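Single-structure report; data block below.
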Amino acid sequence: MNLNQLLQGLKDENPARRLAMIRIIGVVEETRLLKPIRDQFLSETVPQVKSALEWAGKRLYAAHQSGYSTINGFFDHFNLNREIENMASEAEAKLIKDMESNMQVELMRRKQQASQRNTNLGAAAAIGGTVLGGPLIGAAAAGAMMSASASDVLSSNLGPVRDQISTKRTPAPRPSNTDVGVWLKRLREDQNAESRRNAAIELGNLNNPIALPYLATAAIADPVPEVREAAERFCKILYWSQIYWQMTQDGSVEQEVARRAAERGINPAEVKSTPSPQSQPPAKQEDITAILQRAQEAKQKKKRR
């Protein structure tokens with residue numbers, strides 16, 4: 001059952017059907033129908049229906065004044081509002097991750113440069129030690145190289161990237177045609193209040209919209225407050241499920257998510273699809289053996305001269 005069906009039922013020629021629709025509209029607090037309820041009240045001729053219109057109008061007006069709406073209701077219940085709020089955290093975490101990735105790339109580049117310098121220094125020290133016939137310079141240079149390498153390792157300790165805890169919406173439940181006759185009978189006729197309360201809960205969870213008028217009636221007329229509360233709660237959940245499913249099918253729920261995200265300065269597409277920069281692999285370092293070999297060849301050539 002959707003908004004248009006409620007509106008059509010509100011104008012039905014049959015007073016009993018009008019009464020059923022008015023009760024649903026009032027219980028689920030469909031504030032978008034506040035004006036049609038007022039208009040129908042002015043033209044209604046059946047006393048019982050007119051009385052129900054007055055009750056529903058007052059209830060919808062109070063809900064409207066409090067800021068309630070059906071869309072807010074199911075956005076809260078199915079975690080869509082939480083998902084939007086989490087987009088800001090995801091965007092912040094993504095920015096931090098991007099910054100850390102960029103820092104890691106820069107550190108790798110600097111370590112590569114430092115390693116290359118240390119390699120050259122070690123080669124020069126080895127050559128110098130061979131030429132001068134003593135290990136002192138080579139040892140000192142090796143000590144310097146080790147010190148530089150240790151410094152590079154210490155400077156690269158950035159710590160782990162902050163974990164992101166993703167909060168996602170509950171998918172829209174598909175309306176069902178499950179046989180709910182036994183639960184409707186229990187809700188209407190069972191003498192045990194707890195059984196009636198459990199029946200209201202079960203009817204909400206079974207997600208068959210045929211149960212809406214029965215839940216609305218129980219929410220108004222059941223003599224036990226706990227049963228009325230459960231009937232109202234699960235009448236709303238059942239109605240929210242129908243609206244959520246419809247908006248998912250026609251794409252309007254994503255439009256509403258984008259609109260609410262934009263109000264918070266968030267672009268959902270950027271949060272979901274923009275990849276983080278990838279670390280670039282370090283350039284291949286020249287093997288120290290090759291450096292020493294070239295140095296040795298140069299020394300042999302010098303001796304032959």
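Each chain in the structure tokens gets a letter, A, B and so on, in the order shown; residues start at 1 in every chain, and ligands are counted from 1 in the order they appear.
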Find the residues near segment 188-204 of chain A: any atom within 9 Å, counting only C-alpha atoms, skip ones fewer than 6 places away on the same chain, and give them as a list in words. Val180, Val182, Ala211, Leu212, Tyr214, Leu215, Ala218, Asp222, Pro223, Val224, Glu226, Val227, Arg228, Glu229, Ala230, Ala231, Glu232, Arg233, Phe234, Cys235, Lys236, Ile237, Leu238 and Tyr239 of chain A
Which residues are near Ile22 of chain A? Cut-off 9 Å, only C-alpha atoms, ignore same chain within fewer than 5 positions. Put them as a PyMOL selection string. chain A and resi 6+9-10+17+27+37+49+52-53+56
List the spatial neighbours of Thr178 of chain A as a ChimeraX atom specification - criterion: any atom at most 10 Å away, only C-alpha atoms, same-chain residues fewer than 6 positions off excluded. /A:203,206-210
Skip segment 72-81 of chain A itself and residues of its chain fewer than 2 positions away, then list as a ChimeraX atom specification all residues within 7 Å of it, counting only C-alpha atoms. /A:68-70,83-85,168-170,240,244
Atoms to include: all heavy atoms. Write the selected residues as a short mmCIF file (atom, residue, chain, number, x, y, z; two decimals), in the first residue's frame.
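What ended up in selection13.cif:
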data_model
loop_
_atom_site.label_atom_id
_atom_site.label_comp_id
_atom_site.auth_asym_id
_atom_site.auth_seq_id
_atom_site.Cartn_x
_atom_site.Cartn_y
_atom_site.Cartn_z
N TYR A 68 7.89 15.03 12.37
CA TYR A 68 7.86 13.65 11.90
C TYR A 68 7.41 13.59 10.45
O TYR A 68 6.58 14.37 9.99
CB TYR A 68 6.91 12.82 12.76
CG TYR A 68 6.72 11.41 12.22
CD1 TYR A 68 7.64 10.41 12.48
CD2 TYR A 68 5.62 11.11 11.41
CE1 TYR A 68 7.49 9.14 11.96
CE2 TYR A 68 5.46 9.83 10.89
CZ TYR A 68 6.39 8.85 11.17
OH TYR A 68 6.24 7.60 10.63
N SER A 69 7.96 12.61 9.72
CA SER A 69 7.48 12.29 8.38
C SER A 69 7.73 10.80 8.14
O SER A 69 8.57 10.18 8.79
CB SER A 69 8.19 13.11 7.31
OG SER A 69 9.52 12.68 7.13
N THR A 70 6.97 10.24 7.20
CA THR A 70 7.15 8.83 6.87
C THR A 70 8.56 8.55 6.39
O THR A 70 9.19 7.55 6.78
CB THR A 70 6.14 8.41 5.78
OG1 THR A 70 4.83 8.45 6.35
CG2 THR A 70 6.42 7.00 5.28
N GLU A 83 23.63 5.60 7.52
CA GLU A 83 24.54 5.43 6.39
C GLU A 83 25.02 6.79 5.88
O GLU A 83 26.21 6.97 5.57
CB GLU A 83 23.84 4.68 5.26
CG GLU A 83 24.70 4.53 4.00
CD GLU A 83 24.00 3.73 2.92
OE1 GLU A 83 23.90 2.50 3.06
OE2 GLU A 83 23.53 4.34 1.94
N ILE A 84 24.10 7.76 5.80
CA ILE A 84 24.47 9.11 5.35
C ILE A 84 25.45 9.74 6.33
O ILE A 84 26.46 10.35 5.94
CB ILE A 84 23.22 9.97 5.17
CG1 ILE A 84 22.35 9.43 4.03
CG2 ILE A 84 23.59 11.42 4.88
CD1 ILE A 84 20.97 10.03 3.96
N GLU A 85 25.15 9.61 7.62
CA GLU A 85 26.06 10.16 8.62
C GLU A 85 27.44 9.51 8.53
O GLU A 85 28.47 10.15 8.72
CB GLU A 85 25.48 9.95 10.02
CG GLU A 85 24.23 10.77 10.29
CD GLU A 85 23.52 10.37 11.57
OE1 GLU A 85 24.04 9.45 12.25
OE2 GLU A 85 22.47 10.95 11.88
N LYS A 168 25.86 0.41 7.06
CA LYS A 168 25.07 0.34 5.83
C LYS A 168 23.59 0.20 6.14
O LYS A 168 23.20 -0.28 7.19
CB LYS A 168 25.54 -0.83 4.96
CG LYS A 168 27.00 -0.73 4.53
CD LYS A 168 27.26 0.52 3.71
CE LYS A 168 28.73 0.61 3.28
NZ LYS A 168 29.00 1.87 2.55
N ARG A 169 22.79 0.59 5.17
CA ARG A 169 21.34 0.49 5.30
C ARG A 169 20.86 -0.97 5.29
O ARG A 169 21.55 -1.85 4.76
CB ARG A 169 20.67 1.23 4.14
CG ARG A 169 20.79 0.49 2.81
CD ARG A 169 20.27 1.28 1.64
NE ARG A 169 21.16 2.37 1.28
CZ ARG A 169 20.97 3.15 0.22
NH1 ARG A 169 19.93 2.97 -0.57
NH2 ARG A 169 21.82 4.12 -0.05
N THR A 170 19.70 -1.20 5.85
CA THR A 170 19.02 -2.48 5.69
C THR A 170 18.32 -2.49 4.34
O THR A 170 17.62 -1.53 4.01
CB THR A 170 17.98 -2.67 6.80
OG1 THR A 170 18.62 -2.57 8.07
CG2 THR A 170 17.29 -4.01 6.67
N TRP A 240 6.12 1.51 6.46
CA TRP A 240 7.45 1.99 6.03
C TRP A 240 8.06 1.03 5.01
O TRP A 240 8.68 1.46 4.04
CB TRP A 240 8.38 2.10 7.22
CG TRP A 240 8.07 3.18 8.20
CD1 TRP A 240 7.33 4.31 7.97
CD2 TRP A 240 8.46 3.23 9.57
NE1 TRP A 240 7.25 5.06 9.12
CE2 TRP A 240 7.95 4.43 10.11
CE3 TRP A 240 9.21 2.39 10.39
CZ2 TRP A 240 8.16 4.80 11.44
CZ3 TRP A 240 9.42 2.75 11.71
CH2 TRP A 240 8.90 3.95 12.22
N TYR A 244 9.35 2.16 1.43
CA TYR A 244 10.78 1.97 1.15
C TYR A 244 10.96 1.12 -0.10
O TYR A 244 11.78 1.43 -0.99
CB TYR A 244 11.42 1.33 2.37
CG TYR A 244 12.92 1.12 2.32
CD1 TYR A 244 13.74 1.82 1.43
CD2 TYR A 244 13.53 0.21 3.19
CE1 TYR A 244 15.11 1.63 1.42
CE2 TYR A 244 14.89 0.01 3.18
CZ TYR A 244 15.68 0.71 2.29
OH TYR A 244 17.04 0.50 2.27
#
Just the number, please: distance in Å from atom CA of Gln65 of chain A to atom CA of Lys35 of chain A, one decimal. 14.0 Å
Please report the interatomic distance between atom CA of Pro15 of chain A and atom CA of Arg186 of chain A in Å with one decimal. 25.8 Å
Would you please give, as a PDB file with C-alpha atoms, in the first residue's frame, all residues of segment 159-229 of chain A that DSSP assigns to alpha helix (DSSP H) based on the backbone?
ATOM      1  CA  GLY A 181      -5.036 -15.448   8.334  1.00  0.00           C
ATOM      2  CA  VAL A 182      -4.111 -17.235  11.535  1.00  0.00           C
ATOM      3  CA  TRP A 183      -2.333 -14.162  12.890  1.00  0.00           C
ATOM      4  CA  LEU A 184      -5.187 -11.824  11.926  1.00  0.00           C
ATOM      5  CA  LYS A 185      -7.650 -14.081  13.752  1.00  0.00           C
ATOM      6  CA  ARG A 186      -5.393 -14.171  16.804  1.00  0.00           C
ATOM      7  CA  LEU A 187      -4.996 -10.382  16.792  1.00  0.00           C
ATOM      8  CA  ARG A 188      -8.774  -9.854  16.603  1.00  0.00           C
ATOM      9  CA  GLU A 189     -10.109 -12.662  18.773  1.00  0.00           C
ATOM     10  CA  ALA A 193      -3.245 -10.017  25.520  1.00  0.00           C
ATOM     11  CA  GLU A 194       0.258 -11.385  25.094  1.00  0.00           C
ATOM     12  CA  SER A 195      -0.921 -13.556  22.208  1.00  0.00           C
ATOM     13  CA  ARG A 196      -2.510 -10.524  20.541  1.00  0.00           C
ATOM     14  CA  ARG A 197       0.673  -8.534  21.055  1.00  0.00           C
ATOM     15  CA  ASN A 198       2.783 -11.318  19.529  1.00  0.00           C
ATOM     16  CA  ALA A 199       0.353 -11.526  16.617  1.00  0.00           C
ATOM     17  CA  ALA A 200       0.851  -7.803  15.918  1.00  0.00           C
ATOM     18  CA  ILE A 201       4.610  -8.273  15.905  1.00  0.00           C
ATOM     19  CA  GLU A 202       4.376 -11.289  13.621  1.00  0.00           C
ATOM     20  CA  LEU A 203       2.112  -9.455  11.181  1.00  0.00           C
ATOM     21  CA  GLY A 204       4.596  -6.615  10.951  1.00  0.00           C
ATOM     22  CA  ASN A 205       7.473  -8.990  10.299  1.00  0.00           C
ATOM     23  CA  LEU A 206       5.623 -11.043   7.675  1.00  0.00           C
ATOM     24  CA  LEU A 212      -2.390  -2.854   7.642  1.00  0.00           C
ATOM     25  CA  PRO A 213      -6.084  -2.141   8.376  1.00  0.00           C
ATOM     26  CA  TYR A 214      -6.188  -4.846  11.066  1.00  0.00           C
ATOM     27  CA  LEU A 215      -3.108  -3.505  12.800  1.00  0.00           C
ATOM     28  CA  ALA A 216      -4.509   0.030  12.604  1.00  0.00           C
ATOM     29  CA  THR A 217      -7.786  -1.087  14.175  1.00  0.00           C
ATOM     30  CA  ALA A 218      -5.937  -2.882  16.980  1.00  0.00           C
ATOM     31  CA  ALA A 219      -3.774   0.190  17.557  1.00  0.00           C
ATOM     32  CA  ILE A 220      -6.942   2.218  18.147  1.00  0.00           C
ATOM     33  CA  ALA A 221      -9.374  -0.205  19.733  1.00  0.00           C
ATOM     34  CA  PRO A 225      -2.075  -0.554  26.142  1.00  0.00           C
ATOM     35  CA  GLU A 226       0.785  -2.966  25.393  1.00  0.00           C
ATOM     36  CA  VAL A 227      -1.169  -4.488  22.510  1.00  0.00           C
ATOM     37  CA  ARG A 228      -2.074  -1.042  21.150  1.00  0.00           C
ATOM     38  CA  GLU A 229       1.567   0.026  21.306  1.00  0.00           C
TER      39      GLU A 229
END
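Minimum distance to Glu13 of chain A across A:Ala261, A:Ala62, A:Val46, A:Met87 (counting only C-alpha atoms) occurs at A:Val46.
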Could you pull the residues within 12 Å of Asp39 of chain A, counting only C-alpha atoms, minus those fewer than 5 positions along the same chain, as a PyMOL selection string? chain A and resi 7+10-11+33-34+44+50+53-54+57
